[in-house]
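J.: Have a peek at start.cif (mmCIF, C-alpha atoms).
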```cif
data_query
#
loop_
_atom_site.label_atom_id
_atom_site.label_comp_id
_atom_site.auth_asym_id
_atom_site.auth_seq_id
_atom_site.Cartn_x
_atom_site.Cartn_y
_atom_site.Cartn_z
CA MET A 20 -33.07 18.81 -3.40
CA ASN A 21 -30.41 17.82 -0.96
CA ASN A 22 -28.98 20.31 1.39
CA LEU A 23 -25.26 20.41 0.65
CA PHE A 24 -24.25 21.26 4.18
CA GLN A 25 -26.38 18.83 6.03
CA PRO A 26 -24.16 16.34 7.86
CA ALA A 27 -24.13 12.89 6.26
CA ARG A 28 -24.63 9.72 8.21
CA GLY A 29 -21.02 9.30 9.25
CA THR A 30 -21.98 9.97 12.82
CA LEU A 31 -20.28 8.49 15.81
CA ALA A 32 -23.08 6.51 17.44
CA PRO A 33 -23.73 3.95 14.65
CA PHE A 34 -19.99 3.79 14.03
CA PHE A 35 -19.21 2.67 17.55
CA LEU A 36 -22.21 0.36 17.57
CA LEU A 37 -21.09 -1.41 14.38
CA VAL A 38 -17.44 -1.58 15.45
CA ALA A 39 -18.52 -3.16 18.72
CA LEU A 40 -20.82 -5.54 16.85
CA SER A 41 -18.01 -6.63 14.50
CA ILE A 42 -15.57 -7.22 17.32
CA THR A 43 -18.13 -9.17 19.35
CA SER A 44 -19.09 -11.37 16.44
CA MET A 45 -15.42 -12.05 15.63
CA PHE A 46 -14.83 -13.04 19.23
CA ILE A 47 -17.86 -15.33 19.29
CA ASP A 48 -16.97 -16.82 15.92
CA GLN A 49 -13.44 -17.59 17.08
CA ARG A 50 -14.35 -19.12 20.43
CA PHE A 51 -17.81 -20.62 20.09
CA THR A 52 -20.11 -22.18 17.52
CA TYR A 53 -23.25 -20.06 18.00
CA LEU A 54 -22.73 -18.21 14.74
CA GLU A 55 -22.54 -21.30 12.53
CA THR A 56 -26.24 -21.09 11.60
CA ALA A 57 -25.90 -17.42 10.68
CA ARG A 58 -22.87 -18.26 8.56
CA ALA A 59 -24.72 -21.14 6.92
CA SER A 60 -27.71 -19.01 5.98
CA ILE A 61 -25.56 -16.22 4.55
CA ALA A 62 -23.58 -18.85 2.65
CA SER A 63 -26.80 -20.22 1.19
CA VAL A 64 -27.72 -16.73 0.01
CA ILE A 65 -24.44 -16.23 -1.81
CA SER A 66 -24.05 -19.79 -3.10
CA PRO A 67 -25.56 -18.94 -6.53
CA LEU A 68 -22.59 -16.59 -6.97
CA ARG A 69 -20.22 -19.41 -6.11
CA TYR A 70 -21.77 -21.59 -8.79
CA LEU A 71 -21.70 -18.67 -11.21
CA VAL A 72 -17.95 -18.11 -10.90
CA THR A 73 -17.35 -21.84 -11.37
CA LEU A 74 -19.09 -21.77 -14.75
CA PRO A 75 -16.17 -20.55 -16.92
CA SER A 76 -13.81 -23.34 -15.88
CA LEU A 77 -16.60 -25.94 -16.07
CA SER A 78 -17.63 -24.91 -19.56
CA GLY A 79 -13.97 -24.87 -20.58
CA ALA A 80 -13.60 -28.49 -19.52
CA TRP A 81 -16.85 -29.38 -21.27
CA VAL A 82 -15.80 -27.74 -24.53
CA SER A 83 -12.40 -29.42 -24.56
CA GLU A 84 -14.06 -32.78 -23.94
CA TRP A 85 -16.53 -32.18 -26.76
CA PHE A 86 -13.80 -31.32 -29.24
CA SER A 87 -11.29 -33.97 -28.21
CA THR A 88 -10.32 -36.13 -31.13
CA HIS A 89 -11.21 -39.72 -31.79
CA ASN A 90 -7.61 -40.74 -31.17
CA THR A 91 -7.38 -39.25 -27.70
CA LEU A 92 -10.67 -40.87 -26.77
CA VAL A 93 -9.47 -44.27 -27.96
CA GLU A 94 -6.21 -43.77 -26.10
CA ASP A 95 -8.06 -42.75 -22.94
CA ASN A 96 -10.37 -45.70 -23.24
CA ARG A 97 -7.47 -48.12 -23.62
CA GLN A 98 -5.70 -46.67 -20.61
CA LEU A 99 -8.80 -46.82 -18.47
CA ARG A 100 -9.46 -50.43 -19.41
CA GLU A 101 -5.91 -51.34 -18.51
CA GLU A 102 -6.26 -49.58 -15.19
CA GLU A 103 -9.56 -51.29 -14.51
CA ARG A 104 -8.05 -54.71 -15.16
CA LEU A 105 -5.23 -53.91 -12.75
CA LEU A 106 -7.58 -52.66 -10.07
CA ASN A 107 -9.87 -55.64 -10.49
CA ALA A 108 -6.96 -57.98 -10.02
CA ARG A 109 -6.02 -56.14 -6.84
CA LEU A 110 -9.61 -56.15 -5.68
CA GLN A 111 -9.80 -59.94 -5.85
CA LYS A 112 -6.92 -60.17 -3.44
CA MET A 113 -8.48 -57.43 -1.37
CA ASN A 114 -11.77 -59.33 -1.02
CA VAL A 115 -9.97 -62.33 0.32
CA LEU A 116 -8.03 -60.20 2.76
CA LEU A 117 -11.18 -58.39 3.82
CA ALA A 118 -12.97 -61.63 4.58
CA GLU A 119 -9.98 -62.90 6.49
CA ASN A 120 -9.70 -59.67 8.42
CA THR A 121 -13.35 -59.66 9.47
CA ARG A 122 -13.01 -63.25 10.60
CA LEU A 123 -9.92 -62.44 12.65
CA ARG A 124 -11.55 -59.37 14.11
CA LYS A 125 -14.54 -61.39 15.10
CA LEU A 126 -12.22 -63.82 16.80
CA LEU A 127 -10.63 -60.93 18.66
CA GLY A 128 -13.96 -59.40 19.49
CA ALA A 129 -12.94 -56.10 17.95
CA SER A 130 -15.78 -54.07 16.58
CA ARG A 131 -14.20 -51.47 14.34
CA LYS A 132 -16.00 -50.93 11.07
CA LEU A 133 -13.92 -51.70 8.03
CA SER A 134 -15.76 -49.73 5.41
CA ASP A 135 -17.12 -46.23 5.81
CA LYS A 136 -20.00 -44.78 3.85
CA VAL A 137 -18.86 -42.03 1.53
CA ILE A 138 -20.44 -39.24 -0.47
CA VAL A 139 -18.83 -37.97 -3.65
CA ALA A 140 -18.59 -34.20 -3.98
CA GLU A 141 -16.99 -31.83 -6.43
CA LEU A 142 -14.86 -28.79 -5.79
CA LEU A 143 -16.19 -25.37 -6.67
CA SER A 144 -13.36 -23.32 -8.09
CA VAL A 145 -13.86 -20.43 -5.74
CA ASP A 146 -11.05 -18.38 -4.36
CA GLN A 147 -11.03 -18.08 -0.65
CA ASN A 148 -8.83 -16.16 1.69
CA PRO A 149 -5.36 -16.37 0.04
CA TYR A 150 -3.61 -16.81 3.39
CA ARG A 151 -5.49 -19.94 4.27
CA GLN A 152 -6.01 -23.35 2.74
CA LEU A 153 -9.75 -23.65 2.35
CA ILE A 154 -11.76 -25.19 -0.46
CA GLU A 155 -15.43 -25.17 -1.29
CA LEU A 156 -17.53 -28.26 -2.09
CA ASN A 157 -20.74 -28.39 -4.11
CA LYS A 158 -22.66 -30.39 -1.50
CA GLY A 159 -24.01 -29.30 1.84
CA SER A 160 -26.39 -30.15 4.64
CA LEU A 161 -29.11 -31.13 2.12
CA ASP A 162 -26.85 -33.99 0.99
CA GLY A 163 -26.13 -35.08 4.53
CA LEU A 164 -22.78 -33.39 5.10
CA LEU A 165 -21.94 -32.39 8.64
CA ASP A 166 -19.34 -30.35 10.44
CA GLY A 167 -16.18 -32.28 11.13
CA GLN A 168 -16.49 -35.00 8.52
CA ALA A 169 -13.25 -36.11 6.90
CA VAL A 170 -12.63 -35.36 3.23
CA LEU A 171 -10.32 -37.40 1.01
CA ASP A 172 -9.44 -37.84 -2.62
CA ASP A 173 -8.34 -41.09 -4.24
CA TYR A 174 -4.80 -40.74 -2.83
CA GLY A 175 -5.32 -39.78 0.79
CA ILE A 176 -6.80 -37.50 3.40
CA MET A 177 -7.42 -33.93 2.23
CA GLY A 178 -9.00 -32.23 5.22
CA GLN A 179 -12.16 -31.80 7.20
CA ILE A 180 -15.41 -29.90 6.80
CA ILE A 181 -15.61 -26.76 8.91
CA HIS A 182 -18.73 -24.93 7.69
CA VAL A 183 -21.83 -26.44 6.09
CA ALA A 184 -24.45 -24.46 4.16
CA HIS A 185 -27.51 -25.91 2.45
CA ASN A 186 -25.83 -26.76 -0.81
CA SER A 187 -22.18 -25.99 -0.30
CA SER A 188 -19.61 -26.54 2.39
CA THR A 189 -16.14 -25.34 3.33
CA VAL A 190 -13.22 -27.71 3.86
CA LYS A 191 -10.09 -26.90 5.81
CA LEU A 192 -7.19 -28.70 4.14
CA ILE A 193 -4.59 -30.55 6.20
CA SER A 194 -2.07 -27.98 4.94
CA ASP A 195 -3.92 -25.05 6.51
CA PRO A 196 -1.67 -23.30 9.04
CA GLU A 197 -4.34 -23.88 11.69
CA HIS A 198 -4.79 -27.56 10.98
CA VAL A 199 -3.28 -30.43 12.91
CA ILE A 200 -3.91 -34.08 12.08
CA PRO A 201 -3.13 -37.06 14.34
CA VAL A 202 -0.97 -39.54 12.43
CA GLN A 203 0.85 -42.80 12.91
CA PHE A 204 3.94 -44.20 11.18
CA ILE A 205 3.06 -47.43 9.41
CA HIS A 206 6.42 -49.09 10.09
CA SER A 207 7.30 -48.12 13.62
CA GLY A 208 3.77 -47.53 14.87
CA LEU A 209 4.97 -44.24 16.38
CA ARG A 210 2.15 -41.76 16.88
CA SER A 211 2.48 -38.06 16.29
CA VAL A 212 0.63 -35.07 14.92
CA ALA A 213 1.26 -33.35 11.59
CA PHE A 214 0.92 -29.58 11.37
CA GLY A 215 -0.07 -27.76 8.21
CA ASN A 216 2.17 -24.84 7.33
CA GLY A 217 0.30 -23.09 4.54
CA SER A 218 1.93 -24.68 1.52
CA THR A 219 0.12 -27.53 -0.24
CA ASP A 220 3.08 -29.88 -0.43
CA GLU A 221 4.35 -29.87 3.14
CA LEU A 222 3.27 -31.05 6.55
CA GLU A 223 5.48 -30.64 9.61
CA LEU A 224 6.10 -33.11 12.39
CA ARG A 225 7.70 -31.45 15.38
CA PHE A 226 9.22 -32.78 18.58
CA LEU A 227 9.58 -36.43 17.71
CA PRO A 228 11.77 -38.40 20.12
CA ALA A 229 15.44 -38.29 19.09
CA THR A 230 15.63 -42.06 19.21
CA ALA A 231 12.63 -42.59 16.93
CA GLU A 232 13.42 -44.54 13.80
CA ILE A 233 12.22 -42.28 11.04
CA TYR A 234 13.47 -42.51 7.51
CA ILE A 235 12.79 -40.64 4.33
CA GLY A 236 10.00 -42.45 2.51
CA ASP A 237 8.16 -43.60 5.63
CA GLU A 238 4.41 -43.59 5.24
CA LEU A 239 2.01 -41.84 7.58
CA VAL A 240 -1.60 -42.88 8.11
CA THR A 241 -4.33 -41.38 10.28
CA SER A 242 -4.13 -42.76 13.79
CA GLY A 243 -7.80 -42.28 14.57
CA LEU A 244 -6.98 -40.53 17.82
CA GLY A 245 -9.01 -37.43 18.51
CA GLY A 246 -12.06 -39.00 16.96
CA ARG A 247 -12.14 -36.66 13.98
CA PHE A 248 -10.46 -38.68 11.25
CA PRO A 249 -11.15 -42.40 10.82
CA ALA A 250 -8.06 -44.56 11.38
CA ASP A 251 -5.70 -46.00 8.76
CA TYR A 252 -6.22 -43.67 5.83
CA PRO A 253 -3.00 -42.60 4.06
CA VAL A 254 -1.89 -39.06 4.89
CA ALA A 255 1.67 -38.32 3.81
CA THR A 256 5.19 -39.55 3.02
CA ILE A 257 8.26 -38.35 4.93
CA THR A 258 10.57 -36.29 2.74
CA GLU A 259 12.98 -34.78 5.23
CA VAL A 260 14.23 -35.67 8.69
CA SER A 261 16.39 -33.47 10.88
CA LEU A 262 17.79 -33.82 14.38
CA ASP A 263 17.85 -30.85 16.72
CA LYS A 264 20.88 -31.79 18.81
CA THR A 265 20.58 -29.02 21.36
CA HIS A 266 17.05 -29.93 22.28
CA GLY A 267 17.20 -33.62 21.63
CA PHE A 268 14.28 -33.78 19.28
CA LYS A 269 13.80 -34.96 15.76
CA SER A 270 11.56 -33.12 13.37
CA ALA A 271 10.38 -34.15 9.95
CA VAL A 272 8.71 -32.79 6.85
CA ALA A 273 6.17 -34.88 4.97
CA ARG A 274 4.48 -34.56 1.60
CA PRO A 275 0.70 -35.08 1.62
CA LYS A 276 -0.50 -38.02 -0.45
CA ALA A 277 -3.71 -36.31 -1.49
CA ARG A 278 -3.46 -33.91 -4.40
CA LEU A 279 -4.44 -30.90 -2.37
CA ASP A 280 -4.11 -28.45 -5.23
CA SER A 281 -5.41 -30.42 -8.18
CA SER A 282 -8.11 -32.88 -7.17
CA ARG A 283 -11.55 -32.03 -8.56
CA GLU A 284 -13.62 -34.84 -7.08
CA VAL A 285 -13.44 -35.71 -3.43
CA LEU A 286 -15.02 -38.21 -1.06
CA VAL A 287 -16.64 -37.21 2.19
CA ILE A 288 -16.64 -39.94 4.83
CA GLN A 289 -20.13 -40.28 6.21
CA SER A 290 -19.97 -42.52 9.22
CA ARG A 291 -18.53 -39.89 11.49
CA GLU A 292 -20.88 -38.08 13.78
CA SER A 293 -20.86 -34.33 14.03
CA ARG A 294 -18.59 -33.00 16.73
CA GLN A 295 -17.86 -29.63 18.15
CA PRO A 296 -15.74 -27.92 15.48
CA ASN A 297 -13.41 -26.54 18.13
CA ALA A 298 -12.15 -29.98 19.08
CA GLN A 299 -9.26 -30.55 16.71
CA MET B 4 -42.29 3.99 -3.11
CA ILE B 5 -39.05 2.16 -3.56
CA GLN B 6 -37.22 3.45 -6.57
CA LEU B 7 -36.28 0.72 -8.98
CA ASN B 8 -33.17 2.70 -9.86
CA PHE B 9 -31.96 2.20 -6.36
CA LEU B 10 -31.34 -1.46 -7.22
CA VAL B 11 -28.28 -0.35 -9.19
CA ILE B 12 -26.35 -0.03 -5.94
CA PRO B 13 -26.96 -3.57 -4.62
CA LEU B 14 -26.31 -4.93 -8.10
CA THR B 15 -22.87 -3.32 -8.30
CA LEU B 16 -22.11 -4.61 -4.82
CA VAL B 17 -23.09 -8.15 -5.87
CA LEU B 18 -20.82 -7.75 -8.88
CA ALA B 19 -18.02 -6.66 -6.55
CA LEU B 20 -18.59 -9.75 -4.40
CA THR B 21 -18.46 -11.94 -7.50
CA LEU B 22 -15.15 -10.40 -8.54
CA GLN B 23 -13.92 -11.01 -5.02
CA ILE B 24 -14.42 -14.78 -5.28
CA LEU B 25 -13.63 -15.20 -8.99
CA PRO B 26 -10.91 -17.85 -9.35
CA LEU B 27 -7.49 -16.41 -10.17
CA PRO B 28 -4.15 -18.17 -10.71
CA ASP B 29 -2.28 -18.73 -7.44
CA TRP B 30 0.36 -16.06 -7.99
CA ALA B 31 -2.29 -13.41 -8.69
CA GLN B 32 -4.43 -14.11 -5.66
CA ILE B 33 -2.57 -11.90 -3.25
CA TYR B 34 -2.80 -8.96 -5.67
CA ARG B 35 -6.57 -9.10 -6.00
CA PRO B 36 -7.89 -5.59 -5.32
CA ASP B 37 -10.62 -5.22 -2.73
CA TRP B 38 -13.51 -4.67 -5.13
CA MET B 39 -16.07 -4.45 -2.38
CA ALA B 40 -14.15 -1.67 -0.65
CA LEU B 41 -13.77 0.24 -3.92
CA ALA B 42 -17.50 0.02 -4.71
CA LEU B 43 -18.49 1.02 -1.20
CA ILE B 44 -16.07 3.95 -1.18
CA TYR B 45 -17.62 5.22 -4.39
CA TRP B 46 -21.24 4.86 -3.34
CA SER B 47 -20.74 6.29 0.12
CA MET B 48 -18.93 9.24 -1.40
CA ALA B 49 -21.53 9.88 -4.10
CA LEU B 50 -24.68 9.06 -2.11
CA PRO B 51 -23.69 9.29 1.56
CA LYS B 52 -27.31 9.49 2.67
CA ARG B 53 -28.19 6.18 1.09
CA VAL B 54 -25.06 4.11 1.43
CA GLY B 55 -23.59 4.30 4.89
CA LEU B 56 -22.19 2.26 7.71
CA TRP B 57 -24.89 -0.42 7.72
CA PHE B 58 -24.21 -1.17 4.08
CA ALA B 59 -20.53 -1.52 4.90
CA PHE B 60 -21.29 -3.83 7.80
CA VAL B 61 -23.54 -6.17 5.81
CA CYS B 62 -21.20 -6.28 2.82
CA GLY B 63 -18.35 -7.07 5.18
CA LEU B 64 -20.28 -10.03 6.57
CA LEU B 65 -20.92 -11.30 3.04
CA ILE B 66 -17.20 -11.17 2.30
CA ASP B 67 -16.38 -12.90 5.56
CA VAL B 68 -18.67 -15.78 4.67
CA ALA B 69 -17.45 -15.92 1.07
CA GLN B 70 -13.78 -16.00 2.08
CA GLY B 71 -14.03 -18.05 5.23
CA THR B 72 -12.63 -15.36 7.52
CA LEU B 73 -14.01 -14.62 10.98
CA LEU B 74 -17.50 -13.14 10.89
CA GLY B 75 -16.88 -9.45 11.43
CA GLN B 76 -13.29 -9.28 10.23
CA HIS B 77 -14.05 -7.50 6.97
CA SER B 78 -17.06 -5.72 8.47
CA LEU B 79 -14.84 -3.99 10.99
CA ALA B 80 -12.38 -2.85 8.30
CA LEU B 81 -15.12 -1.64 5.95
CA VAL B 82 -17.03 0.17 8.69
CA ILE B 83 -13.86 2.02 9.66
CA ILE B 84 -12.96 3.20 6.15
CA ILE B 85 -16.55 4.06 5.22
CA PHE B 86 -16.81 6.09 8.42
CA ILE B 87 -13.72 8.06 7.42
CA ASN B 88 -15.08 8.40 3.91
CA LEU B 89 -18.48 9.65 5.04
CA ASN B 90 -16.86 12.37 7.08
CA LEU B 91 -14.58 13.50 4.27
CA HIS B 92 -16.77 12.94 1.24
CA GLN B 93 -17.44 16.59 0.50
CA ARG B 94 -13.74 17.36 0.26
CA ILE B 95 -12.92 14.23 -1.72
CA ARG B 96 -15.64 14.77 -4.31
CA VAL B 97 -13.98 17.93 -5.60
CA MET B 98 -10.50 16.43 -5.83
CA SER B 99 -8.91 15.43 -9.13
CA LEU B 100 -8.99 11.76 -10.07
CA ALA B 101 -5.31 11.39 -9.22
CA GLY B 102 -5.82 12.98 -5.85
CA GLN B 103 -8.77 10.71 -5.19
CA ALA B 104 -6.69 7.68 -6.14
CA GLY B 105 -4.11 8.65 -3.53
CA TYR B 106 -6.82 9.06 -0.92
CA VAL B 107 -8.35 5.70 -1.90
CA PHE B 108 -4.91 4.13 -1.48
CA VAL B 109 -4.78 5.33 2.11
CA LEU B 110 -8.29 4.02 2.80
CA LEU B 111 -7.49 0.64 1.26
CA LEU B 112 -4.29 0.50 3.31
CA ILE B 113 -6.28 1.07 6.50
CA ASN B 114 -8.73 -1.61 5.38
CA GLN B 115 -5.89 -4.03 4.66
CA THR B 116 -4.12 -3.26 7.93
CA SER B 117 -7.24 -3.99 9.91
CA VAL B 118 -7.94 -7.29 8.14
CA LEU B 119 -4.35 -8.54 8.28
CA TRP B 120 -3.88 -7.38 11.85
CA ILE B 121 -6.64 -9.77 12.89
CA GLU B 122 -5.11 -12.50 10.70
CA GLY B 123 -1.86 -11.83 12.52
CA MET B 124 -3.54 -12.16 15.91
CA LEU B 125 -4.63 -15.61 14.80
CA HIS B 126 -0.94 -16.43 14.09
CA ARG B 127 -1.15 -16.49 10.34
CA ASN B 128 1.69 -14.48 8.91
CA THR B 129 1.36 -12.82 5.55
CA PRO B 130 4.04 -11.77 3.05
CA LEU B 131 4.75 -8.05 2.59
CA MET B 132 3.44 -7.94 -0.97
CA ALA B 133 0.13 -9.37 0.29
CA PHE B 134 -0.06 -6.28 2.43
CA LEU B 135 0.88 -3.66 -0.15
CA GLY B 136 -0.32 -5.36 -3.34
CA PRO B 137 -4.11 -5.03 -3.17
CA PRO B 138 -4.12 -1.34 -2.12
CA LEU B 139 -1.65 -0.49 -4.91
CA ILE B 140 -3.72 -2.27 -7.56
CA GLY B 141 -6.86 -0.75 -6.07
CA MET B 142 -5.35 2.72 -6.37
CA MET B 143 -4.46 2.11 -10.01
CA ILE B 144 -7.95 0.98 -10.99
CA TRP B 145 -9.79 3.61 -8.94
CA PRO B 146 -10.17 6.10 -11.85
CA TRP B 147 -11.90 3.43 -13.96
CA VAL B 148 -14.11 2.28 -11.12
CA PHE B 149 -15.00 5.90 -10.44
CA ILE B 150 -15.87 6.76 -14.05
CA LEU B 151 -17.82 3.54 -14.55
CA LEU B 152 -19.90 3.88 -11.41
CA ARG B 153 -20.44 7.62 -11.97
CA ASP B 154 -21.83 7.00 -15.45
CA LEU B 155 -23.98 4.23 -14.05
CA ARG B 156 -25.26 6.53 -11.34
CA ARG B 157 -26.11 9.23 -13.85
CA LYS B 158 -27.88 6.75 -16.13
CA ALA B 159 -29.94 5.56 -13.18
CA GLN B 160 -30.53 9.19 -12.18
CA LEU B 161 -29.55 8.64 -8.59
CA SER B 162 -28.53 11.66 -6.61
#
```
If you took the structure in this file and wrote it as structure tokens, what would it be?
T.:
Amino acid sequence: MNNLFQPARGTLAPFFLLVALSITSMFIDQRFTYLETARASIASVISPLRYLVTLPSLSGAWVSEWFSTHNTLVEDNRQLREEERLLNARLQKMNVLLAENTRLRKLLGASRKLSDKVIVAELLSVDQNPYRQLIELNKGSLDGLLDGQAVLDDYGIMGQIIHVAHNSSTVKLISDPEHVIPVQFIHSGLRSVAFGNGSTDELELRFLPATAEIYIGDELVTSGLGGRFPADYPVATITEVSLDKTHGFKSAVARPKARLDSSREVLVIQSRESRQPNAQ
Amino acid sequence: MIQLNFLVIPLTLVLALTLQILPLPDWAQIYRPDWMALALIYWSMALPKRVGLWFAFVCGLLIDVAQGTLLGQHSLALVIIIFINLNLHQRIRVMSLAGQAGYVFVLLLINQTSVLWIEGMLHRNTPLMAFLGPPLIGMMIWPWVFILLRDLRRKAQLS
């Protein structure tokens, strides 16, 4: 029988100990990378839950596929064939260009690799912190994923991997308010960086030179500077340009090419080595 | 001997963690109540000798990993509110359900303030409804959480 008036365990000593422990671990987690292994092992423990909560939407998709009518399947098939023919036609041209490019590069003595090895991964529909732009992938260190690898969908760059567990990993999208991606304008060759601002359809470019020729519709690709993202992958299209007359700067808003909020399958670029996650 | 009944507590906490990461439509995400905090408040109030600060700390770490926040961000918040709860549990137990809900609202608000304060220090601003929403929803569902977990506790004969 419990004694009603015995003090419970809400005593001060463990309280202060745990508060201090929390604050220290937050500090270390923010500044250094020592806690990544701890995070990875905890993530591996809870990853069955992540797969569990993905089940309803997965089974929904499966059921709707199973019950889709003959007509829709025929229609889908026709569309896909058409698309394939188109892509094949483009690929022929592409092969010629590729061969030419390698030849020219050889002539120049340049050594940049033209194709990167990729791994296909799927999104787990897991809700993360609502104030950030993070997504969860169904592959992890067992499949060869590493911290800092670039993630893209079939339209453009989506983000980079920030935490890796055994069989899942966390991706920070380019629209995360903490994310900055080095970019280059295709037309003018101007280099800049694009900041995420927390909404999936906007990137911000700040402090561009007032004389820069930037127009709505300009395409941005990764510049490859910073060593995190491989060069020349599509990132975004400019949708808005404004001139700050008092400060003499231009700033622009761009719409990411990748479907940050609706892509289910993504590609992880493999040829990058792991870097320190703190280096943006 | 470890009582098998004791497993009820971790199981409800795992359920709370699952609810915490269950996908919701975008507009509803910022109103998601803090299930883990609600479950921990109940268990530390009902069984303060079994569920205490260490439970809160570990559960907080789990949430931090699940949601991609800093390791320790939710732990700190949960340790603070569970500490308050442990010191007040004898008074809160005898309150009416409505009174308890009001008290839970205050605890959840402290929890939320602590978490978002750290978010704010990292320069991520949050809308006002993201601040008030989860504690309000948490307050409204407290009576159901309370009755459910109490019946569960009685079934498992934990005291």
J.: Residues within 6 Å of (-13.5, -34.8, 4.9), file coordinates, counting all atoms listed in the file: what are they? Give the list as a ChimeraX atom specification.
T.: /A:168-171,178-180,287
J.: Report as a list in words all protein, DNA and RNA residues lying within 10 Å of A:Ser144, evaluated on only C-alpha atoms, omitting residues in the same chain fewer than 6 positions from it.
T.: Arg69, Tyr70, Val72, Thr73, Leu74, Pro75, Ser76, Leu77, Ile154, Glu155, Leu156, Asn157 and Arg283 of chain A; Ile24, Leu25, Pro26 and Leu27 of chain B
J.: To test your reading of the syntax: which residues would the PyMOL selection byres ((chain B) within 9 of (chain A)) return for the file shown? Reply as JSON, numbers by chain.
T.: {"B": [17, 20, 21, 22, 23, 24, 25, 26, 27, 29, 32, 33, 51, 52, 53, 54, 55, 56, 57, 60, 64, 65, 67, 68, 69, 70, 71, 72, 73, 74, 75, 76, 77, 78, 79, 80, 82, 83, 85, 86, 87, 88, 89, 90, 92, 93, 122, 125, 126, 127, 128, 129, 133, 162]}
J.: Applying 8 Å and all atoms listed in the file, which residues near B:Ala19 remain after dropping the ones on its own chain fewer than 5 positions away? List them as a PyMOL selection string.
T.: chain B and resi 38-39+42
J.: Using only C-alpha atoms for the distances, tell me which of B:Tyr34, B:Trp145, B:Phe58, B:Phe9 is nearest to B:Ser99.
T.: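 With only C-alpha atoms as the atom set, the closest residue is B:Trp145.
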J.: Kindly list the centre and edge lengths in Å, rounded to one decimal, for the axis-aligned box that covers all listed atoms of stretch 170-179 of chain A plus 3 Å on each of its six sides, as JSON.
T.:
```
{"center_x": -8.7, "center_y": -36.4, "center_z": 1.5, "size_x": 13.8, "size_y": 15.3, "size_z": 17.4}
```
J.: For the point (-10.8, -3.3, -6.0) in file coordinates, what residues are within 12 Å, counting all atoms listed in the file? Give the answer as a ChimeraX atom specification?
T.: /B:16,18-23,34-45,104,107-108,110-112,114-115,136-149
J.: I'd like to see the residues matched by the PyMOL selection byres ((chain A and resi 223-231) around 8) on this file, and ideally I'd get them as a list in words.
T.: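 Applying the expression gives Leu209, Ser211, Val212, Ala213, Phe214, Gly215, Asn216, Glu221, Leu222, Glu232, Ile233, Leu262, Gly267, Phe268, Lys269, Ser270, Ala271, Val272 and Ala273 of chain A.
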J.: Any idea what the distance is between atom CA of B:Arg153 and atom CA of B:Ala101?
T.: 15.8 Å
J.: Name every residue that the PyMOL selection byres ((chain B and resi 10) around 12) selects in this structure, writing the answer as a PyMOL selection string with chains first and numbers rising.
T.: chain B and resi 5-9+11-17+53+155-156+159-161
J.: Could you list, as a PyMOL selection string, every residue within 12 Å of stretch 161-163 of chain A, counting all atoms listed in the file and ignoring same-chain residues fewer than 4 positions away?
T.: chain A and resi 59+63+136-140+156-157+168+183-188+287-293
J.: Interatomic distance between atom CA of A:Asp280 and atom CA of A:Glu84?
T.: 21.6 Å
J.: To one decimal in Å, tell me the separation between atom CA of A:Asp95 and atom CA of A:Val82.
T.: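 So the answer is 17.0 Å.
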J.: Smallest atom-to-atom distance to A:Ser281: which of A:His89, A:Glu259, A:Met177, A:Glu101, using only C-alpha atoms?
T.: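 Counting only C-alpha atoms, the residue closest to A:Ser281 is A:Met177.
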J.: Counting all atoms listed in the file, what is within 7 Å of stretch 239-248 of chain A, bar same-chain residues fewer than 4 positions away, as a CSV table (one decimal) with C-alpha atoms, keeping the file's coordinate frame?
T.:
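New file result08.csv:
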```csv
chain,number,residue,atom,x,y,z
A,167,GLY,CA,-16.2,-32.3,11.1
A,169,ALA,CA,-13.2,-36.1,6.9
A,201,PRO,CA,-3.1,-37.1,14.3
A,202,VAL,CA,-1.0,-39.5,12.4
A,203,GLN,CA,0.8,-42.8,12.9
A,204,PHE,CA,3.9,-44.2,11.2
A,205,ILE,CA,3.1,-47.4,9.4
A,252,TYR,CA,-6.2,-43.7,5.8
A,253,PRO,CA,-3.0,-42.6,4.1
A,254,VAL,CA,-1.9,-39.1,4.9
A,255,ALA,CA,1.7,-38.3,3.8
A,256,THR,CA,5.2,-39.6,3.0
```
J.: Could you model N, CA and C atoms for stretch 150-155 of chain A and present them as an mmCIF file, in the coordinates of the input?
T.:
```
data_model
loop_
_atom_site.group_PDB
_atom_site.id
_atom_site.type_symbol
_atom_site.label_atom_id
_atom_site.label_comp_id
_atom_site.auth_asym_id
_atom_site.auth_seq_id
_atom_site.Cartn_x
_atom_site.Cartn_y
_atom_site.Cartn_z
ATOM 1 N N TYR A 150 -4.587 -16.444 2.360
ATOM 2 C CA TYR A 150 -3.610 -16.810 3.390
ATOM 3 C C TYR A 150 -3.979 -18.107 4.061
ATOM 4 N N ARG A 151 -5.100 -18.689 3.641
ATOM 5 C CA ARG A 151 -5.490 -19.940 4.270
ATOM 6 C C ARG A 151 -5.674 -21.006 3.207
ATOM 7 N N GLN A 152 -5.867 -22.232 3.654
ATOM 8 C CA GLN A 152 -6.010 -23.350 2.740
ATOM 9 C C GLN A 152 -7.411 -23.902 2.904
ATOM 10 N N LEU A 153 -8.360 -23.205 2.271
ATOM 11 C CA LEU A 153 -9.750 -23.650 2.350
ATOM 12 C C LEU A 153 -10.231 -23.958 0.947
ATOM 13 N N ILE A 154 -11.110 -24.947 0.826
ATOM 14 C CA ILE A 154 -11.760 -25.190 -0.460
ATOM 15 C C ILE A 154 -13.263 -25.300 -0.239
ATOM 16 N N GLU A 155 -13.971 -25.219 -1.338
ATOM 17 C CA GLU A 155 -15.430 -25.170 -1.290
ATOM 18 C C GLU A 155 -15.974 -26.387 -2.030
#
```
